[in-house]
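This report concerns only the one structure given below.
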Amino acid sequence: MERRTTAWFSPNLNIEMPLVAYGHAGYPLLMFPTAAADYLEYERFHLVDSIQPFIDSGKIRAYSINSVNRYSLLNEQMPPQLKAKLLTDYDNYITQEVLPLIRKDCGDGARPMTTGASLGAFLALNTYFRHPDLFRGVIAMSGGYDIKSYLKGYYDDNVYFNNPVDYLSNLHEGDLLNRLRQADAIFLLSGQGNYEAPERSRQLSDILNSKGIPHTLDLWGQDVDHDWPWWRKMLPHVLGKLI
């Protein structure tokens, strides 16, 4: 499996941001790490191994990046208004820095699929729903999609536009909603076992249903915990349906 790493100083985030790419050809998949983890997490926990057949066969090319969760949502010392602003800066980093790199590899019109587990599911889903013109869809595993609990009651535009349960609930008829109604690749997955919160996926599914946005809500069994062995099953399961 071809593997390449790179890093650059991000003008949007004012820190160095690394990236690892796997594969030589295929549809681009952009991976967001869990919690405060880094861009190599999916490699360390063998999630990359679980999708290696898709990579080796040239069906997908996977890109894994850092998040800013350790500085933003998970940083108790960071004022909530700065936490929210950093999420907007991170969104700009994705669209203005990471996406051009992917398109250089995969073609100017490439619209990557996003994916992630746990807090990475939130990042992947937020990226897609903010930019359905730039990304094809999302595979969100074991996520929560309401960040207000991290912000101690603080609320502004940066919170609103990074909080899917809010901005999706308020979508009105227009070009954005029409585009989302044509989606073919929105997957919300969750187990129902230890440390899982399937009600969070159900909540988002209810919002999408109310707006007529097609998607797949896939709740696995009560033996399915919030843990790596299951995410290593979920991601190739969905890719097998799409690729």
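Every chain in the structure tokens takes a letter, A first, then B, and so on in the order presented; its residues are numbered from 1, and the ligands are numbered from 1 following the presented order.
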(message) Could you list, as a list in words, every residue within 10 Å of His46 of chain A, counting only C-alpha atoms and ignoring same-chain residues fewer than 6 positions away?
(response)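 Contacts, with the query itself left out: Gln52, Trp228, Pro229, Trp231 and Arg232 of chain A.
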Do you know which residues are at most 12 Å from Phe54 of chain A counting only C-alpha atoms, after dropping those on the same chain fewer than 2 positions away, and could you put them as a PDB file with C-alpha atoms, in the first residue's frame?
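What ended up in out27.pdb:
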```pdb
ATOM      1  CA  MET A   1       0.000   0.000   0.000  1.00  0.00           C
ATOM      2  CA  TYR A  22      -2.840   6.002   1.539  1.00  0.00           C
ATOM      3  CA  GLY A  23      -3.197   4.581  -1.935  1.00  0.00           C
ATOM      4  CA  HIS A  24      -2.360   5.282  -5.547  1.00  0.00           C
ATOM      5  CA  ALA A  25      -5.777   5.801  -7.143  1.00  0.00           C
ATOM      6  CA  GLY A  26      -9.491   5.810  -6.504  1.00  0.00           C
ATOM      7  CA  TYR A  27     -12.220   7.846  -4.891  1.00  0.00           C
ATOM      8  CA  PRO A  28     -10.915  10.184  -2.135  1.00  0.00           C
ATOM      9  CA  LEU A  29     -11.891   9.515   1.483  1.00  0.00           C
ATOM     10  CA  VAL A  48      -6.656   1.702   7.706  1.00  0.00           C
ATOM     11  CA  ASP A  49      -5.908  -2.032   7.623  1.00  0.00           C
ATOM     12  CA  SER A  50      -9.649  -2.727   7.598  1.00  0.00           C
ATOM     13  CA  ILE A  51     -10.089  -0.755   4.357  1.00  0.00           C
ATOM     14  CA  GLN A  52      -6.788  -1.793   2.763  1.00  0.00           C
ATOM     15  CA  ASP A  56      -4.849  -1.750  -2.772  1.00  0.00           C
ATOM     16  CA  SER A  57      -7.373  -2.294  -5.547  1.00  0.00           C
ATOM     17  CA  GLY A  58      -7.342   1.402  -6.438  1.00  0.00           C
ATOM     18  CA  LYS A  59     -10.974   1.939  -5.429  1.00  0.00           C
ATOM     19  CA  ILE A  60     -10.249   4.573  -2.779  1.00  0.00           C
ATOM     20  CA  ARG A  61      -7.434   6.889  -1.801  1.00  0.00           C
ATOM     21  CA  ALA A  62      -7.621   7.754   1.913  1.00  0.00           C
ATOM     22  CA  LEU A 235     -16.352   1.564   7.683  1.00  0.00           C
ATOM     23  CA  PRO A 236     -15.620  -1.274   5.219  1.00  0.00           C
ATOM     24  CA  HIS A 237     -19.270  -2.342   5.511  1.00  0.00           C
ATOM     25  CA  VAL A 238     -20.414   1.045   4.173  1.00  0.00           C
ATOM     26  CA  LEU A 239     -17.611   1.362   1.621  1.00  0.00           C
ATOM     27  CA  GLY A 240     -18.672  -1.999   0.230  1.00  0.00           C
ATOM     28  CA  LYS A 241     -22.094  -0.500  -0.520  1.00  0.00           C
ATOM     29  CA  LEU A 242     -20.674   2.623  -2.145  1.00  0.00           C
ATOM     30  CA  ILE A 243     -17.581   1.589  -4.071  1.00  0.00           C
TER      31      ILE A 243
END
```
(message) List as JSON, numbers by chain the protein and nucleic acid residues near Gln203 of chain A, meaning an atom at most 12 Å away when only C-alpha atoms are counted, but skip any in the same chain fewer than 3 places from it.
(response) {"A": [143, 144, 145, 146, 164, 165, 166, 168, 169, 188, 197, 198, 199, 200, 206, 207, 208, 209, 210, 217]}
(request) Would you mind telling me which residue in A:His226, A:Lys233, A:Arg179, A:Lys83 lies nearest to Arg130 of chain A when using only C-alpha atoms? (result)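 Closest candidate: A:Arg179.
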Distance query Pro11 of chain A at most 10 Å, only C-alpha atoms, self and fewer than 5 positions along chain excluded, as a PDB file with C-alpha atoms, in the first residue's frame:
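Now in around04.pdb:
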```pdb
ATOM      1  CA  GLU A  16       1.783  23.037  11.455  1.00  0.00           C
ATOM      2  CA  ASP A  89     -10.887  28.357  11.203  1.00  0.00           C
ATOM      3  CA  ASN A  92     -11.456  27.043   6.333  1.00  0.00           C
ATOM      4  CA  TYR A  93      -8.339  24.878   6.668  1.00  0.00           C
ATOM      5  CA  GLN A  96      -8.841  26.093   1.455  1.00  0.00           C
ATOM      6  CA  GLU A  97      -5.849  23.864   2.210  1.00  0.00           C
TER       7      GLU A  97
END
```
(message) Can you tell me, as a VMD selection string, which residues in segment 49-243 of chain A count as helix (DSSP H, G or I) by DSSP?
(response) chain A and resid 49 to 50 52 to 56 80 to 106 119 to 130 148 to 150 157 to 160 164 to 167 175 to 180 198 to 210 228 to 242
(request) Write out as a list of chain:residue names all residues of segment 14-86 of chain A that backbone DSSP assigns to strand (DSSP E or B). (result)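 Matching residues, listed in order: A:Ile15, A:Glu16, A:Met17, A:Pro18, A:Leu19, A:Val20, A:Ala21, A:Tyr22, A:Tyr27, A:Pro28, A:Leu29, A:Leu30, A:Met31, A:Phe32, A:Ile60, A:Arg61, A:Ala62, A:Tyr63, A:Ser64, A:Ile65.
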With N, CA and C atoms retained, export the selected residues as a PDB file, in the first residue's frame.
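Okay, this is what ended up in out05.pdb:
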```pdb
ATOM      1  N   ILE A  15      -0.657  26.901  12.916  1.00  0.00           N
ATOM      2  CA  ILE A  15       0.132  25.792  13.439  1.00  0.00           C
ATOM      3  C   ILE A  15       0.473  24.874  12.276  1.00  0.00           C
ATOM      4  N   GLU A  16       1.460  24.024  12.474  1.00  0.00           N
ATOM      5  CA  GLU A  16       1.783  23.037  11.455  1.00  0.00           C
ATOM      6  C   GLU A  16       0.759  21.907  11.510  1.00  0.00           C
ATOM      7  N   MET A  17       0.245  21.541  10.354  1.00  0.00           N
ATOM      8  CA  MET A  17      -0.767  20.492  10.261  1.00  0.00           C
ATOM      9  C   MET A  17      -0.263  19.379   9.346  1.00  0.00           C
ATOM     10  N   PRO A  18      -0.118  18.177   9.872  1.00  0.00           N
ATOM     11  CA  PRO A  18       0.334  17.047   9.051  1.00  0.00           C
ATOM     12  C   PRO A  18      -0.829  16.308   8.402  1.00  0.00           C
ATOM     13  N   LEU A  19      -0.485  15.489   7.431  1.00  0.00           N
ATOM     14  CA  LEU A  19      -1.469  14.703   6.681  1.00  0.00           C
ATOM     15  C   LEU A  19      -0.792  13.432   6.200  1.00  0.00           C
ATOM     16  N   VAL A  20      -1.533  12.337   6.198  1.00  0.00           N
ATOM     17  CA  VAL A  20      -1.032  11.097   5.610  1.00  0.00           C
ATOM     18  C   VAL A  20      -2.030  10.640   4.555  1.00  0.00           C
ATOM     19  N   ALA A  21      -1.494  10.174   3.421  1.00  0.00           N
ATOM     20  CA  ALA A  21      -2.324   9.683   2.327  1.00  0.00           C
ATOM     21  C   ALA A  21      -1.975   8.228   2.060  1.00  0.00           C
ATOM     22  N   TYR A  22      -3.012   7.428   1.812  1.00  0.00           N
ATOM     23  CA  TYR A  22      -2.840   6.002   1.539  1.00  0.00           C
ATOM     24  C   TYR A  22      -3.448   5.690   0.179  1.00  0.00           C
ATOM     25  N   TYR A  27     -11.385   6.778  -5.420  1.00  0.00           N
ATOM     26  CA  TYR A  27     -12.220   7.846  -4.891  1.00  0.00           C
ATOM     27  C   TYR A  27     -11.629   8.344  -3.574  1.00  0.00           C
ATOM     28  N   PRO A  28     -11.541   9.674  -3.350  1.00  0.00           N
ATOM     29  CA  PRO A  28     -10.915  10.184  -2.135  1.00  0.00           C
ATOM     30  C   PRO A  28     -11.821  10.069  -0.902  1.00  0.00           C
ATOM     31  N   LEU A  29     -11.230   9.646   0.190  1.00  0.00           N
ATOM     32  CA  LEU A  29     -11.891   9.515   1.483  1.00  0.00           C
ATOM     33  C   LEU A  29     -11.099  10.343   2.495  1.00  0.00           C
ATOM     34  N   LEU A  30     -11.740  11.323   3.110  1.00  0.00           N
ATOM     35  CA  LEU A  30     -11.083  12.203   4.081  1.00  0.00           C
ATOM     36  C   LEU A  30     -11.484  11.778   5.481  1.00  0.00           C
ATOM     37  N   MET A  31     -10.491  11.441   6.321  1.00  0.00           N
ATOM     38  CA  MET A  31     -10.713  10.844   7.628  1.00  0.00           C
ATOM     39  C   MET A  31     -10.352  11.827   8.740  1.00  0.00           C
ATOM     40  N   PHE A  32     -11.275  11.974   9.710  1.00  0.00           N
ATOM     41  CA  PHE A  32     -11.088  12.875  10.850  1.00  0.00           C
ATOM     42  C   PHE A  32     -10.914  12.044  12.117  1.00  0.00           C
ATOM     43  N   ILE A  60     -10.251   3.345  -3.568  1.00  0.00           N
ATOM     44  CA  ILE A  60     -10.249   4.573  -2.779  1.00  0.00           C
ATOM     45  C   ILE A  60      -8.817   5.009  -2.495  1.00  0.00           C
ATOM     46  N   ARG A  61      -8.675   6.288  -2.275  1.00  0.00           N
ATOM     47  CA  ARG A  61      -7.434   6.889  -1.801  1.00  0.00           C
ATOM     48  C   ARG A  61      -7.792   7.632  -0.517  1.00  0.00           C
ATOM     49  N   ALA A  62      -7.223   7.230   0.611  1.00  0.00           N
ATOM     50  CA  ALA A  62      -7.621   7.754   1.913  1.00  0.00           C
ATOM     51  C   ALA A  62      -6.634   8.813   2.397  1.00  0.00           C
ATOM     52  N   TYR A  63      -7.177   9.864   2.969  1.00  0.00           N
ATOM     53  CA  TYR A  63      -6.390  10.961   3.541  1.00  0.00           C
ATOM     54  C   TYR A  63      -6.811  11.123   5.000  1.00  0.00           C
ATOM     55  N   SER A  64      -5.845  11.159   5.901  1.00  0.00           N
ATOM     56  CA  SER A  64      -6.136  11.316   7.319  1.00  0.00           C
ATOM     57  C   SER A  64      -5.411  12.553   7.846  1.00  0.00           C
ATOM     58  N   ILE A  65      -6.139  13.393   8.597  1.00  0.00           N
ATOM     59  CA  ILE A  65      -5.614  14.677   9.040  1.00  0.00           C
ATOM     60  C   ILE A  65      -5.763  14.823  10.550  1.00  0.00           C
TER      61      ILE A  65
END
```
All residues 9 Å or closer to Gly116 of chain A, only C-alpha atoms, same chain fewer than 4 positions away omitted, as a PDB file with C-alpha atoms, in the first residue's frame:
```
ATOM      1  CA  LEU A  30     -11.083  12.203   4.081  1.00  0.00           C
ATOM      2  CA  MET A  31     -10.713  10.844   7.628  1.00  0.00           C
ATOM      3  CA  PHE A  32     -11.088  12.875  10.850  1.00  0.00           C
ATOM      4  CA  PRO A  33      -9.590  11.455  14.080  1.00  0.00           C
ATOM      5  CA  THR A  34     -11.451  10.785  17.319  1.00  0.00           C
ATOM      6  CA  GLY A 120     -14.366  12.656  14.381  1.00  0.00           C
ATOM      7  CA  ALA A 121     -17.874  11.775  13.197  1.00  0.00           C
ATOM      8  CA  PHE A 122     -19.023  15.255  14.199  1.00  0.00           C
ATOM      9  CA  LEU A 123     -16.164  16.860  12.254  1.00  0.00           C
ATOM     10  CA  ALA A 124     -16.790  14.709   9.186  1.00  0.00           C
ATOM     11  CA  LEU A 125     -20.515  15.380   9.216  1.00  0.00           C
ATOM     12  CA  VAL A 138     -20.356  11.339   4.971  1.00  0.00           C
ATOM     13  CA  ILE A 139     -19.916   8.104   6.883  1.00  0.00           C
ATOM     14  CA  ALA A 140     -20.409   9.136  10.521  1.00  0.00           C
ATOM     15  CA  MET A 141     -19.755   6.435  13.127  1.00  0.00           C
ATOM     16  CA  SER A 142     -20.825   6.707  16.780  1.00  0.00           C
ATOM     17  CA  GLY A 143     -21.036  10.479  16.728  1.00  0.00           C
TER      18      GLY A 143
END
```
